[in-house]
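Each remark here refers to the structure printed beneath this line.
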Amino acid sequence: PTRLIVDTDTAGDDTQALVLAACSDRVALEGVTICAGNVPFEYQIENAKYTLDLAGADEVPVYEGAREPLEKDHEFAEYIHGEGGLGGDLFPETGIPSAEAHAVDFIVETARENPGEITLACIAPLTNVALAFEREPDLPELLNEVVIMGGAVNTLGNITPAAEYNFWVDPDAAAVVMDAFETTLIDWGLTLRDSTFDTDVFEAVEVMDTPLADFYLTVTEAVRAFNRQSDHDALGADVTTQPDSLAIATVLEPDIVEAASTYYVAVDDREGMTRGYSLVDELSVTDREAKTRVIESVDGDRFERLLLDAFRHGDP
Ligand code: BDR
Ligand code: CA
């Protein structure tokens, strides 16, 4: 199995990414690292622990990381995910202690001790990863693969017209990481195109009647309500997107990817209207090295099956 670390800002879709990773025998989930993002930090820690526990993976250590972006003021996205990040319900604390090491130390040490072995899936702002790179400049070569959910490639942003949330919240970190690492990018546009679930899927999940299926419905309720009020064509109905679990799906089943191209991608780290914008040099008009593999299409039906199959995990 692929040895995996997941870096998360645990809101609803992050929890489903953790469920996928925890329930698959294709990956060995070696640790979950928490980064400042969607909701207040203590919620993110508890949400990760609750999810791992529910998925039967309470032995996976949770490492606490950066509590603030590198430079910018922190902005939460609780208005989308509900108070606490899981649809507005606050779940009971598990009592599971966090691992002692800082998330950044864990990422650096694990990569150093296992060169070429570790895949890092980043489904949060990239603060922890940028700090790890600062600590260990050879990190890009020490890791097997870096998969990132972030950016909006030639499409609308979800937090501003120009930017996707993870890149926007800490654009300084995103700029550092996109410049330094060869990465695989799952952007907001791909999420909209190939990971949107609608009423048919929700009904299929409802009849499953398993603890993980019920958990999915609970944690996505706030996002469904938020989207129902949207005027946008792709949203504006009873739908959810699953950006973070889509990123994990490409690790579990790489051949779910139908099309991808490698480009130079840069991130605007300035304040202003285009803060967090992901600039993609599709026509190679710069001489900058193309090292971001942008996933352009995935098999959405397979993705749906993969996620729904995970909901049966551990059900007697
Ligand atoms: C990303 O931001 C968060 O709201 C989601 O968890 C996902 O990682 C989508 O823009
Ligand atoms: Ca996330």
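Just so we're on the same page: first chain in the structure tokens is A, next is B, and so on; residues restart at 1 for each chain, and ligands are numbered from 1 in the order they show up.
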
Produce a table with one row for each residue of stretch 241-272 of chain A that has an atom at most 8 Å from any atom of stretch 166-182 of chain A, each row naming the nearest atom pair and its distance in Å at one decimal; use only C-alpha atoms; arrange rows by chain and rising residue number; format as CSV.
residue,atom,partner,partner_atom,distance
A:Val265,CA,A:Met178,CA,6.6
A:Ala266,CA,A:Ala175,CA,6.2
A:Val267,CA,A:Ala175,CA,4.8
A:Asp268,CA,A:Pro171,CA,6.6
A:Asp269,CA,A:Pro171,CA,4.7
A:Arg270,CA,A:Pro171,CA,7.8

Once you count only C-alpha atoms and all ligand atoms, which residues end up within 7 Å of ligand 1, and could you hand them over as a ChimeraX atom specification?
-> /A:9-14,38,77,123-124,149-150,158,164-166,188,243-244

Using C-alpha atoms, can you write the selected residues to a file as a PDB file, in the first residue's frame?
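Produced file result.pdb, reproduced below:
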ATOM      1  CA  ASP A   9      -8.452  21.528   7.834  1.00  0.00           C
ATOM      2  CA  THR A  10     -11.153  19.118   8.885  1.00  0.00           C
ATOM      3  CA  ALA A  11     -14.572  20.279   7.714  1.00  0.00           C
ATOM      4  CA  GLY A  12     -17.258  18.144   6.054  1.00  0.00           C
ATOM      5  CA  ASP A  13     -15.564  17.145   2.825  1.00  0.00           C
ATOM      6  CA  ASP A  14     -12.228  16.685   4.588  1.00  0.00           C
ATOM      7  CA  ASN A  38     -12.051  26.096   7.395  1.00  0.00           C
ATOM      8  CA  ALA A  77     -15.326  29.242   6.034  1.00  0.00           C
ATOM      9  CA  ILE A 123      -6.581  19.119   1.353  1.00  0.00           C
ATOM     10  CA  ALA A 124      -6.139  22.350   3.305  1.00  0.00           C
ATOM     11  CA  MET A 149      -6.621  20.115  -3.611  1.00  0.00           C
ATOM     12  CA  GLY A 150      -6.447  23.794  -4.423  1.00  0.00           C
ATOM     13  CA  ASN A 158     -15.350  29.747  -4.649  1.00  0.00           C
ATOM     14  CA  GLU A 164     -10.287  28.918  -4.495  1.00  0.00           C
ATOM     15  CA  TYR A 165     -10.339  28.856  -0.673  1.00  0.00           C
ATOM     16  CA  ASN A 166      -7.204  26.813   0.125  1.00  0.00           C
ATOM     17  CA  TRP A 188     -12.005  23.651  -7.870  1.00  0.00           C
ATOM     18  CA  PRO A 243     -13.047  18.280  -3.567  1.00  0.00           C
ATOM     19  CA  ASP A 244     -11.055  16.652  -0.784  1.00  0.00           C
TER      20      ASP A 244
END

7 Å contact set for A:Ile5, only C-alpha atoms, chain neighbours under 5 positions out, as a PyMOL selection string | chain A and resi 29-32+119-121

Would you return as number ranges by chain the members of stretch 83-303 of chain A that DSSP assigns to strand (DSSP E or B) on this structure's backbone?
-> A: 118-123, 145-149, 160, 163, 183-186, 197, 240, 257-263, 265-267, 278-280, 292-298

Selection to disk with N, CA and C atoms, as a compact mmCIF listing (two decimals), in the first residue's frame:
# COMPACT_ATOMS: atom_id res chain seq x y z
N ILE A 118 6.89 8.31 0.94
CA ILE A 118 5.68 8.92 1.52
C ILE A 118 4.95 9.79 0.50
N THR A 119 3.65 9.56 0.39
CA THR A 119 2.79 10.44 -0.40
C THR A 119 2.09 11.40 0.56
N LEU A 120 2.09 12.67 0.18
CA LEU A 120 1.45 13.69 1.01
C LEU A 120 0.24 14.22 0.27
N ALA A 121 -0.94 14.05 0.86
CA ALA A 121 -2.16 14.59 0.26
C ALA A 121 -2.57 15.82 1.04
N CYS A 122 -2.65 16.95 0.35
CA CYS A 122 -2.90 18.24 1.01
C CYS A 122 -4.30 18.70 0.64
N ILE A 123 -5.19 18.74 1.63
CA ILE A 123 -6.58 19.12 1.35
C ILE A 123 -6.96 20.33 2.21
N GLU A 145 5.08 11.52 -3.70
CA GLU A 145 4.15 12.31 -4.50
C GLU A 145 3.47 13.33 -3.59
N VAL A 146 3.16 14.48 -4.15
CA VAL A 146 2.40 15.49 -3.41
C VAL A 146 1.12 15.78 -4.20
N VAL A 147 -0.01 15.48 -3.60
CA VAL A 147 -1.31 15.71 -4.25
C VAL A 147 -2.00 16.86 -3.52
N ILE A 148 -2.43 17.84 -4.27
CA ILE A 148 -3.00 19.05 -3.65
C ILE A 148 -4.41 19.30 -4.16
N MET A 149 -5.33 19.55 -3.23
CA MET A 149 -6.62 20.12 -3.61
C MET A 149 -6.49 21.63 -3.42
N THR A 160 -13.48 33.96 -3.69
CA THR A 160 -13.56 35.22 -4.43
C THR A 160 -13.73 34.83 -5.89
N ALA A 163 -10.39 33.19 -6.89
CA ALA A 163 -9.58 32.24 -6.13
C ALA A 163 -10.40 31.17 -5.40
N THR A 183 3.85 18.64 -8.26
CA THR A 183 2.61 18.23 -7.58
C THR A 183 1.57 17.73 -8.57
N THR A 184 0.58 17.07 -8.02
CA THR A 184 -0.64 16.75 -8.77
C THR A 184 -1.72 17.65 -8.22
N LEU A 185 -2.43 18.36 -9.09
CA LEU A 185 -3.40 19.36 -8.63
C LEU A 185 -4.84 18.95 -8.97
N ILE A 186 -5.66 18.90 -7.92
CA ILE A 186 -7.10 18.72 -8.08
C ILE A 186 -7.70 20.09 -7.80
N PHE A 197 -22.38 15.68 -6.44
CA PHE A 197 -23.44 14.70 -6.16
C PHE A 197 -24.77 15.43 -6.05
N THR A 240 -23.82 18.65 -3.62
CA THR A 240 -22.57 18.90 -2.91
C THR A 240 -21.42 18.64 -3.86
N VAL A 257 -8.18 8.79 -13.20
CA VAL A 257 -7.88 10.02 -13.95
C VAL A 257 -8.01 9.75 -15.44
N GLU A 258 -8.81 10.56 -16.12
CA GLU A 258 -9.03 10.38 -17.56
C GLU A 258 -8.15 11.31 -18.40
N ALA A 259 -7.83 12.48 -17.86
CA ALA A 259 -6.98 13.41 -18.62
C ALA A 259 -6.23 14.31 -17.65
N ALA A 260 -4.97 14.59 -17.99
CA ALA A 260 -4.15 15.48 -17.17
C ALA A 260 -3.08 16.11 -18.04
N SER A 261 -2.67 17.33 -17.68
CA SER A 261 -1.58 18.00 -18.40
C SER A 261 -0.68 18.67 -17.37
N THR A 262 0.59 18.76 -17.73
CA THR A 262 1.55 19.34 -16.80
C THR A 262 1.90 20.76 -17.24
N TYR A 263 1.72 21.69 -16.32
CA TYR A 263 1.91 23.10 -16.61
C TYR A 263 2.76 23.78 -15.53
N VAL A 265 2.47 26.43 -12.88
CA VAL A 265 1.37 27.06 -12.13
C VAL A 265 1.98 27.96 -11.06
N ALA A 266 1.55 29.20 -11.01
CA ALA A 266 2.01 30.13 -9.98
C ALA A 266 0.79 30.67 -9.23
N VAL A 267 1.03 31.17 -8.03
CA VAL A 267 -0.07 31.67 -7.20
C VAL A 267 0.19 33.13 -6.86
N SER A 278 -4.72 31.21 -9.19
CA SER A 278 -3.75 30.24 -9.71
C SER A 278 -3.55 30.50 -11.20
N LEU A 279 -2.38 30.97 -11.51
CA LEU A 279 -2.04 31.30 -12.89
C LEU A 279 -1.46 30.07 -13.57
N VAL A 280 -2.06 29.65 -14.67
CA VAL A 280 -1.64 28.42 -15.34
C VAL A 280 -1.11 28.76 -16.73
N THR A 292 3.48 21.12 -12.52
CA THR A 292 2.23 20.82 -11.85
C THR A 292 1.35 19.99 -12.78
N ARG A 293 1.05 18.77 -12.34
CA ARG A 293 0.18 17.91 -13.15
C ARG A 293 -1.27 18.25 -12.78
N VAL A 294 -1.91 18.97 -13.68
CA VAL A 294 -3.28 19.42 -13.46
C VAL A 294 -4.23 18.32 -13.95
N ILE A 295 -5.02 17.77 -13.05
CA ILE A 295 -5.99 16.75 -13.45
C ILE A 295 -7.15 17.46 -14.13
N GLU A 296 -7.46 17.05 -15.35
CA GLU A 296 -8.49 17.75 -16.13
C GLU A 296 -9.81 17.01 -16.17
N SER A 297 -9.75 15.71 -15.95
CA SER A 297 -10.99 14.94 -15.98
C SER A 297 -10.80 13.64 -15.19
N VAL A 298 -11.82 13.27 -14.44
CA VAL A 298 -11.81 11.95 -13.77
C VAL A 298 -13.13 11.25 -14.10

List as an mmCIF file with N, CA and C atoms, in the first residue's frame the protein and nucleic acid residues near A:Phe106, meaning an atom at most 10 Å away when only C-alpha atoms are counted, but skip any in the same chain fewer than 3 places from it.
data_model
loop_
_atom_site.group_PDB
_atom_site.id
_atom_site.type_symbol
_atom_site.label_atom_id
_atom_site.label_comp_id
_atom_site.auth_asym_id
_atom_site.auth_seq_id
_atom_site.Cartn_x
_atom_site.Cartn_y
_atom_site.Cartn_z
ATOM 1 N N ILE A 5 0.286 10.458 4.184
ATOM 2 C CA ILE A 5 -0.031 11.454 5.216
ATOM 3 C C ILE A 5 -1.077 12.380 4.612
ATOM 4 N N GLY A 31 -0.481 9.139 9.227
ATOM 5 C CA GLY A 31 -0.731 10.250 10.136
ATOM 6 C C GLY A 31 -1.632 11.258 9.463
ATOM 7 N N VAL A 32 -2.325 12.011 10.290
ATOM 8 C CA VAL A 32 -3.178 13.101 9.805
ATOM 9 C C VAL A 32 -2.642 14.371 10.453
ATOM 10 N N THR A 33 -2.355 15.375 9.637
ATOM 11 C CA THR A 33 -1.825 16.630 10.169
ATOM 12 C C THR A 33 -2.878 17.724 9.966
ATOM 13 N N TYR A 63 -1.667 14.956 14.276
ATOM 14 C CA TYR A 63 -0.617 15.927 14.626
ATOM 15 C C TYR A 63 -1.144 17.339 14.421
ATOM 16 N N GLU A 64 -0.978 18.178 15.421
ATOM 17 C CA GLU A 64 -1.448 19.563 15.315
ATOM 18 C C GLU A 64 -0.372 20.424 14.655
ATOM 19 N N GLY A 65 -0.778 21.229 13.689
ATOM 20 C CA GLY A 65 0.190 22.044 12.950
ATOM 21 C C GLY A 65 -0.076 23.528 13.067
ATOM 22 N N ALA A 99 -1.026 13.477 18.869
ATOM 23 C CA ALA A 99 0.382 13.055 18.915
ATOM 24 C C ALA A 99 1.216 14.210 19.459
ATOM 25 N N GLU A 100 2.359 13.875 20.050
ATOM 26 C CA GLU A 100 3.154 14.927 20.697
ATOM 27 C C GLU A 100 3.851 15.849 19.701
ATOM 28 N N ALA A 101 4.343 15.285 18.612
ATOM 29 C CA ALA A 101 5.144 16.088 17.674
ATOM 30 C C ALA A 101 4.267 17.127 16.969
ATOM 31 N N HIS A 102 4.897 18.223 16.574
ATOM 32 C CA HIS A 102 4.217 19.205 15.726
ATOM 33 C C HIS A 102 4.066 18.607 14.331
ATOM 34 N N ALA A 103 2.983 18.964 13.649
ATOM 35 C CA ALA A 103 2.714 18.413 12.308
ATOM 36 C C ALA A 103 3.887 18.633 11.353
ATOM 37 N N GLU A 109 10.301 14.719 9.476
ATOM 38 C CA GLU A 109 11.006 13.525 9.988
ATOM 39 C C GLU A 109 10.581 12.274 9.231
ATOM 40 N N THR A 110 9.302 12.143 8.971
ATOM 41 C CA THR A 110 8.822 10.942 8.281
ATOM 42 C C THR A 110 9.405 10.873 6.869
ATOM 43 N N ALA A 111 9.470 12.020 6.202
ATOM 44 C CA ALA A 111 10.040 12.045 4.844
ATOM 45 C C ALA A 111 11.535 11.735 4.882
ATOM 46 N N ARG A 112 12.237 12.292 5.850
ATOM 47 C CA ARG A 112 13.690 12.033 5.954
ATOM 48 C C ARG A 112 13.981 10.567 6.241
ATOM 49 N N ALA A 132 7.224 23.072 6.326
ATOM 50 C CA ALA A 132 8.063 21.862 6.249
ATOM 51 C C ALA A 132 9.162 22.041 5.208
#

Looking only at the backbone, which of the residues in stretch 191-257 of chain A does DSSP tag as helix (DSSP H, G or I), as JSON, numbers by chain?
-> {"A": [191, 192, 193, 194, 199, 200, 201, 202, 203, 204, 205, 206, 207, 208, 211, 212, 213, 214, 215, 216, 217, 218, 219, 220, 221, 222, 223, 224, 225, 226, 227, 228, 243, 244, 245, 246, 247, 248, 249, 250, 251, 252, 254, 255, 256]}

Given only C-alpha atoms and all ligand atoms as the counted atoms, nearest of A:Tyr50, A:Phe76, A:Phe91, A:Phe311 to ligand 2 =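 With only C-alpha atoms and all ligand atoms as the atom set, the closest residue is A:Phe76.
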
Suppose you want the space between atom CA of A:Ala57 and atom CA of A:Arg302; what is it in Å?
-> 24.1 Å

Close residues, A:Glu134 itself excluded, 10 Å, only C-alpha atoms, min 6 positions apart in chain, as a PDB file with C-alpha atoms, in the first residue's frame:
ATOM      1  CA  VAL A 104       5.581  20.116  10.497  1.00  0.00           C
ATOM      2  CA  VAL A 108       9.809  16.419   7.800  1.00  0.00           C
ATOM      3  CA  ASN A 128       2.172  23.204   7.056  1.00  0.00           C
ATOM      4  CA  VAL A 176       6.029  28.662  -2.122  1.00  0.00           C
TER       5      VAL A 176
END

Considering only C-alpha atoms and all ligand atoms, state which residue in the set A:Pro254, A:Gly88, A:Gly37, A:Pro69 is at the smallest distance from ligand 2.
-> A:Gly37

Write out as a tab-separated table (two decimals) with C-alpha atoms, in the first residue's frame which residues come within 7 Å of A:Thr51 when counting only C-alpha atoms, dropping same-chain ones fewer than 3 positions away.
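Contents of result-v9.tsv, as written:
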chain	number	residue	atom	x	y	z
A	15	THR	CA	-13.88	14.10	6.84
A	19	VAL	CA	-12.98	8.09	5.58
A	47	ASN	CA	-13.43	16.49	13.77
A	48	ALA	CA	-10.42	14.50	12.53
A	54	LEU	CA	-15.92	6.27	13.37
A	55	ALA	CA	-13.99	4.77	10.44

For A:Leu217, list every protein, DNA or RNA residue within 9 Å, evaluated using only C-alpha atoms, and leave out those in the same chain fewer than 4 positions away; present the list as a compact mmCIF listing (two decimals) with C-alpha atoms, in the first residue's frame.
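Written file, out-v2.txt:
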# COMPACT_ATOMS: atom_id res chain seq x y z
CA GLY A 87 -22.89 20.63 9.12
CA PHE A 202 -28.21 11.37 -1.54
CA VAL A 205 -26.76 7.03 0.57
CA GLU A 206 -29.92 7.35 2.70
CA LEU A 212 -20.58 6.20 7.76
CA ALA A 213 -23.46 6.85 5.33
CA GLU A 221 -26.15 19.11 5.06

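Proximity to ligand 2 was assessed for A:Glu83, A:Asp287, A:Asp255, A:Glu78 counting only C-alpha atoms and all ligand atoms; the smallest distance is recorded for A:Glu78.
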
Nearest to ligand 2: which of A:Ser195, A:Gln229, A:Ser245, A:Thr127 is it, counting only C-alpha atoms and all ligand atoms?
->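 Checking each candidate against ligand 2, we get A:Ser245 as the closest.
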